[in-house]
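Peer 1: Mind having a look at this structure? Questions to follow.
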Amino acid sequence: MALPGIPLAEWREAGRTFAFHWHRVRYREAGEGEPLLLIHGFPTAAWDWQYLWRPLAERYRVVACDMLGFGDSDKPPRHDYRLVEQAELHQCLLEHLGITGPVHLLAHDYGDSVAQELLARHREGRSAVASCVFLNGGLFPETHRPVLLQKLLLGPLGPLLARGFGRRGLDDGLRKVFAPQRPPSEEELEGFWSLLQANDGPQVMHRLIRYIPERRRQRERWLAAMRQAGVPLRVIDGALDPVSGAHMVERYRQLIDEPDCVLLEDVGHYPQVEAPEQVLAHYLAFRQRLAG
């Protein structure tokens, strides 16, 4: 049975705000039980989890935010956006909510790198992670295949391209990474654009994209954390994703001992949007196994 989504207006109305280094960050919280932190990707926002939100909140205390530079959170135009700072943001949000024990992570895309940083901090004794599930993302720089827009944003024309970025560019980019048989709906595209353009979002895209070289710098530390942190891991990956699909899972299996991987054969880069029922089933099976 298809999982119903949450209209963006309703999602926004339920949001709250907390201060992180003098910046406003929007977040949502629901449910009770073990804390589960949902971490979104680039260039979208926490609304990506709209289909999974209610069924997960029936079982866990679910928390998600629009990271700095994304969605309805502040997007300071001259900020030096870093993945390590986004990990700190999540730690501060958990502290703000009074969550002090180990948290479970479910992450996607850019959020995968934030989750890797939290795993590294867990290994170093600076955070507490109970488990981590990765959806499609660049877990290894050598397997990440950025789309043309990402390459251009990283180049000298990045600031100019960001200022001129519009709805058509977003729609075209998303359609290329969704599976052909599971394209984004018009409502989803409209919502993604509304969140991206909020607070003059296109102006910071060329700054946010610097996560790609940051991943390269952190590769060995993050890989060591995945191998040695002692945290249960699972990958749930859309195989048809041109950016981080089946080829990323193949590399994961080469580098991670006893890899736990689920490959969704007819799904693209956004499995939580394209096939939320499958993602939910595989995530709950993972958690059931941990509980057992």
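Here, A, B, ... name the chains of the structure tokens in the order displayed, residue numbers run from 1 inside each chain, and ligands are numbered from 1 in the same displayed order.
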Taking the chain letters and numbering used in this document, name the residues of range 7-217 of chain A that DSSP puts in alpha helix (DSSP H), as a ChimeraX atom specification.

Peer 2: /A:8-13,50-57,83-96,110-123,148-154,158-163,167-177,186-197,205-208,211-217

Peer 1: Just the number, please: distance in Å from CA of Arg217 in chain A to CA of Gln91 in chain A, one decimal.

Peer 2: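 Those two atoms sit 21.7 Å apart.
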
Peer 1: Restrict the calculation to only C-alpha atoms, then for each residue of range 47-151 of chain A with any atom at most 10 Å from an atom of range 238-245 of chain A give the closest atom pair and their distance in Å to one decimal, rows by chain and rising residue number, as JSON lines.

Peer 2:
{"residue": "A:Asp109", "atom": "CA", "partner": "A:Ser244", "partner_atom": "CA", "distance": 8.5}
{"residue": "A:Leu135", "atom": "CA", "partner": "A:Gly238", "partner_atom": "CA", "distance": 7.9}
{"residue": "A:Asn136", "atom": "CA", "partner": "A:Ser244", "partner_atom": "CA", "distance": 5.8}
{"residue": "A:Gly137", "atom": "CA", "partner": "A:Ser244", "partner_atom": "CA", "distance": 5.5}
{"residue": "A:Gly138", "atom": "CA", "partner": "A:Ser244", "partner_atom": "CA", "distance": 6.0}
{"residue": "A:Leu139", "atom": "CA", "partner": "A:Ser244", "partner_atom": "CA", "distance": 8.4}
{"residue": "A:Phe140", "atom": "CA", "partner": "A:Ser244", "partner_atom": "CA", "distance": 9.3}
{"residue": "A:Thr143", "atom": "CA", "partner": "A:Ser244", "partner_atom": "CA", "distance": 6.9}
{"residue": "A:His144", "atom": "CA", "partner": "A:Ser244", "partner_atom": "CA", "distance": 5.8}
{"residue": "A:Arg145", "atom": "CA", "partner": "A:Val243", "partner_atom": "CA", "distance": 4.6}
{"residue": "A:Pro146", "atom": "CA", "partner": "A:Val243", "partner_atom": "CA", "distance": 5.9}
{"residue": "A:Val147", "atom": "CA", "partner": "A:Val243", "partner_atom": "CA", "distance": 7.1}

Peer 1: Quote the spacing between CA of Phe178 in chain A and CA of Pro159 in chain A in Å to one decimal place.

Peer 2: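 Rounded to one decimal, the two atoms are 26.2 Å apart.
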
Peer 1: Restricting the calculation to only C-alpha atoms, which member of A:Glu187, A:Glu220, A:Asp112, A:Asp74 is positioned closest to Leu255 in chain A?

Peer 2: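 Of A:Glu187, A:Glu220, A:Asp112, A:Asp74, the one nearest Leu255 in chain A, counting only C-alpha atoms, is A:Glu220.
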
Peer 1: Within 9 Å of range 31-35 of chain A, counting only C-alpha atoms, which residues qualify if same-chain residues fewer than 6 places away don't, as a list in words?

Peer 2: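 After dropping sequence-adjacent residues, the list is Arg54, Leu56, Ala57, Glu58, Arg59, Tyr60, Arg61, Val62, Val63, Ile99, Gly101, Pro102, Val103, His104 and Leu105 of chain A.
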
Peer 1: Write out as a list in words the residues lying within 10 Å of His108 in chain A, counting only C-alpha atoms and excluding same-chain residues fewer than 4 positions away.

Peer 2: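 Residues near the query, excluding close chain neighbours: Leu38, Ile39, His40, Gly41, Phe42, Asp48, Trp49, Asp112, Ser113, Val114, Ala115, Val133, Phe134, Leu135, Asn136, Gly137, Gly138, Ile236, Asp237, His269, Tyr270, Pro271 and Gln272 of chain A.
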
Peer 1: Grab the residues selected above and save them as an mmCIF file, in the first residue's frame with N, CA and C atoms.

Peer 2:
data_model
loop_
_atom_site.group_PDB
_atom_site.id
_atom_site.type_symbol
_atom_site.label_atom_id
_atom_site.label_comp_id
_atom_site.auth_asym_id
_atom_site.auth_seq_id
_atom_site.Cartn_x
_atom_site.Cartn_y
_atom_site.Cartn_z
ATOM 1 N N LEU A 38 16.979 11.727 11.142
ATOM 2 C CA LEU A 38 16.898 11.658 9.683
ATOM 3 C C LEU A 38 17.700 12.822 9.099
ATOM 4 N N ILE A 39 18.624 12.525 8.182
ATOM 5 C CA ILE A 39 19.535 13.551 7.665
ATOM 6 C C ILE A 39 19.398 13.607 6.141
ATOM 7 N N HIS A 40 18.972 14.747 5.636
ATOM 8 C CA HIS A 40 18.625 14.893 4.225
ATOM 9 C C HIS A 40 19.837 15.140 3.332
ATOM 10 N N GLY A 41 19.571 15.248 2.034
ATOM 11 C CA GLY A 41 20.621 15.418 1.045
ATOM 12 C C GLY A 41 20.635 16.781 0.367
ATOM 13 N N PHE A 42 21.513 16.907 -0.627
ATOM 14 C CA PHE A 42 21.688 18.119 -1.437
ATOM 15 C C PHE A 42 20.929 17.952 -2.746
ATOM 16 N N ASP A 48 12.124 15.741 2.349
ATOM 17 C CA ASP A 48 12.413 14.486 1.641
ATOM 18 C C ASP A 48 11.863 13.272 2.391
ATOM 19 N N TRP A 49 11.731 13.390 3.717
ATOM 20 C CA TRP A 49 11.303 12.259 4.553
ATOM 21 C C TRP A 49 9.797 12.214 4.757
ATOM 22 N N ASP A 112 24.574 11.465 4.100
ATOM 23 C CA ASP A 112 25.446 10.318 4.356
ATOM 24 C C ASP A 112 26.792 10.775 4.892
ATOM 25 N N SER A 113 27.312 11.856 4.314
ATOM 26 C CA SER A 113 28.611 12.367 4.761
ATOM 27 C C SER A 113 28.519 12.941 6.169
ATOM 28 N N VAL A 114 27.405 13.586 6.474
ATOM 29 C CA VAL A 114 27.204 14.076 7.845
ATOM 30 C C VAL A 114 27.137 12.898 8.816
ATOM 31 N N ALA A 115 26.448 11.835 8.394
ATOM 32 C CA ALA A 115 26.379 10.640 9.236
ATOM 33 C C ALA A 115 27.762 10.003 9.400
ATOM 34 N N VAL A 133 21.945 3.746 8.897
ATOM 35 C CA VAL A 133 21.523 3.239 7.595
ATOM 36 C C VAL A 133 21.728 4.350 6.572
ATOM 37 N N PHE A 134 22.455 4.017 5.510
ATOM 38 C CA PHE A 134 22.724 4.958 4.427
ATOM 39 C C PHE A 134 21.811 4.672 3.245
ATOM 40 N N LEU A 135 21.158 5.696 2.718
ATOM 41 C CA LEU A 135 20.561 5.628 1.404
ATOM 42 C C LEU A 135 21.578 6.170 0.396
ATOM 43 N N ASN A 136 21.198 6.257 -0.860
ATOM 44 C CA ASN A 136 22.141 6.639 -1.921
ATOM 45 C C ASN A 136 22.946 7.873 -1.553
ATOM 46 N N GLY A 137 24.245 7.758 -1.652
ATOM 47 C CA GLY A 137 25.122 8.886 -1.362
ATOM 48 C C GLY A 137 26.561 8.547 -1.675
ATOM 49 N N GLY A 138 27.419 9.583 -1.643
ATOM 50 C CA GLY A 138 28.825 9.408 -2.003
ATOM 51 C C GLY A 138 29.660 8.958 -0.821
ATOM 52 N N ILE A 236 20.837 0.909 1.933
ATOM 53 C CA ILE A 236 19.655 0.675 1.110
ATOM 54 C C ILE A 236 19.798 1.602 -0.095
ATOM 55 N N ASP A 237 20.032 1.034 -1.264
ATOM 56 C CA ASP A 237 20.493 1.832 -2.399
ATOM 57 C C ASP A 237 19.656 1.590 -3.645
ATOM 58 N N HIS A 269 18.054 7.756 -7.371
ATOM 59 C CA HIS A 269 18.842 8.409 -6.332
ATOM 60 C C HIS A 269 18.049 8.748 -5.071
ATOM 61 N N TYR A 270 16.726 8.854 -5.171
ATOM 62 C CA TYR A 270 15.896 9.257 -4.033
ATOM 63 C C TYR A 270 14.978 8.114 -3.600
ATOM 64 N N PRO A 271 15.495 7.029 -3.044
ATOM 65 C CA PRO A 271 14.630 5.892 -2.701
ATOM 66 C C PRO A 271 13.545 6.232 -1.701
ATOM 67 N N GLN A 272 13.791 7.166 -0.786
ATOM 68 C CA GLN A 272 12.775 7.510 0.209
ATOM 69 C C GLN A 272 11.599 8.260 -0.411
#

Peer 1: Within range 23-138 of chain A, find each residue whose DSSP state, derived from the backbone, is strand (DSSP E), and express the selection as a list in words.

Peer 2: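 Answer for range 23-138 of chain A restricted to strand (DSSP E) is His23, Arg24, Val25, Arg26, Tyr27, Arg28, Glu29, Ala30, Pro35, Leu36, Leu37, Leu38, Ile39, Arg61, Val62, Val63, Ala64, Cys65, Val103, His104, Leu105, Leu106, Ala107, Val129, Ala130, Ser131, Cys132, Val133 and Phe134 of chain A.
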
Peer 1: Go through A:Gln50, A:Ser73, A:Thr44, A:Gln116 one by one, measure the shortest atom-to-atom distance of each to Asn199 in chain A using only C-alpha atoms, and give the residue with the smallest value.

Peer 2: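 Counting only C-alpha atoms, the residue closest to Asn199 in chain A is A:Ser73.
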
Peer 1: Might you pull out every residue within 7 Å of Arg123 in chain A, with only C-alpha atoms counted and same-chain residues fewer than 2 positions away left off, and present them as a PDB file with C-alpha atoms, in the first residue's frame?

Peer 2:
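selection-v8.pdb, written as the output of this step:
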ATOM      1  CA  LEU A 119      30.312   7.899  13.138  1.00  0.00           C
ATOM      2  CA  ALA A 120      33.865   9.245  13.250  1.00  0.00           C
ATOM      3  CA  ARG A 121      32.983  11.305  16.325  1.00  0.00           C
ATOM      4  CA  GLY A 125      34.217   9.405  21.884  1.00  0.00           C
ATOM      5  CA  ALA A 225      34.943   4.885  11.380  1.00  0.00           C
ATOM      6  CA  ALA A 229      33.340   2.190  15.214  1.00  0.00           C
TER       7      ALA A 229
END

Peer 1: Using only C-alpha atoms, can you tell me which of A:His96, A:Glu29, A:Val235, A:Phe18 comes closest to Leu68 in chain A?

Peer 2: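 For Leu68 in chain A, the nearest of the given residues is A:Phe18.
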
Peer 1: Could you check which of A:Leu97, A:Leu157, A:Ala46, A:Ala128 is closest to Gly111 in chain A, using only C-alpha atoms?

Peer 2: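 When distances to Gly111 in chain A are compared using only C-alpha atoms, the smallest one comes from A:Ala46.
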
Peer 1: Env of Arg253 in chain A: 12 Å cut, atoms = only C-alpha atoms, seq-sep filter 5 positions within chain, self excluded. Answer as a list in words.

Peer 2: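 Listing them by chain and then by number gives Leu139, Phe140, Arg227, Arg234, Val235, Ala246, His247, Met248, Glu258, Pro259, Asp260, Cys261, Val262 and Leu263 of chain A.
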
Peer 1: What is the CA of Leu170 in chain A to CA of Trp193 in chain A distance in Å?

Peer 2: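 It comes out at 7.1 Å.
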
Peer 1: Smallest atom-to-atom distance to His282 in chain A: which of A:Gly71, A:Pro77, A:Leu264, A:Pro213, using only C-alpha atoms?

Peer 2: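 Smallest separation from His282 in chain A among the options: A:Leu264.
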
Peer 1: Under the rule that only C-alpha atoms are counted, which of A:Glu142, A:Glu10, A:Glu214, A:Glu188 is the nearest residue to Asp80 in chain A?

Peer 2: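 Among the listed residues, A:Glu214 lies closest to Asp80 in chain A.
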
Peer 1: Between range 108-219 of chain A and range 81-89 of chain A, at 7 Å or less, what are the per-residue closest atom pairs and their distances in Å? Count only C-alpha atoms, order by chain and rising residue number, and return it as a Markdown table.

Peer 2:
| residue | atom | partner | partner_atom | distance |
| --- | --- | --- | --- | --- |
| A:Ser113 | CA | A:Leu83 | CA | 6.9 |
| A:Val114 | CA | A:Ala87 | CA | 5.4 |
| A:Glu117 | CA | A:Val84 | CA | 6.4 |
| A:Leu118 | CA | A:Ala87 | CA | 6.1 |
| A:Arg207 | CA | A:Tyr81 | CA | 6.4 |
| A:Leu208 | CA | A:Tyr81 | CA | 5.7 |
| A:Tyr211 | CA | A:Leu83 | CA | 6.4 |
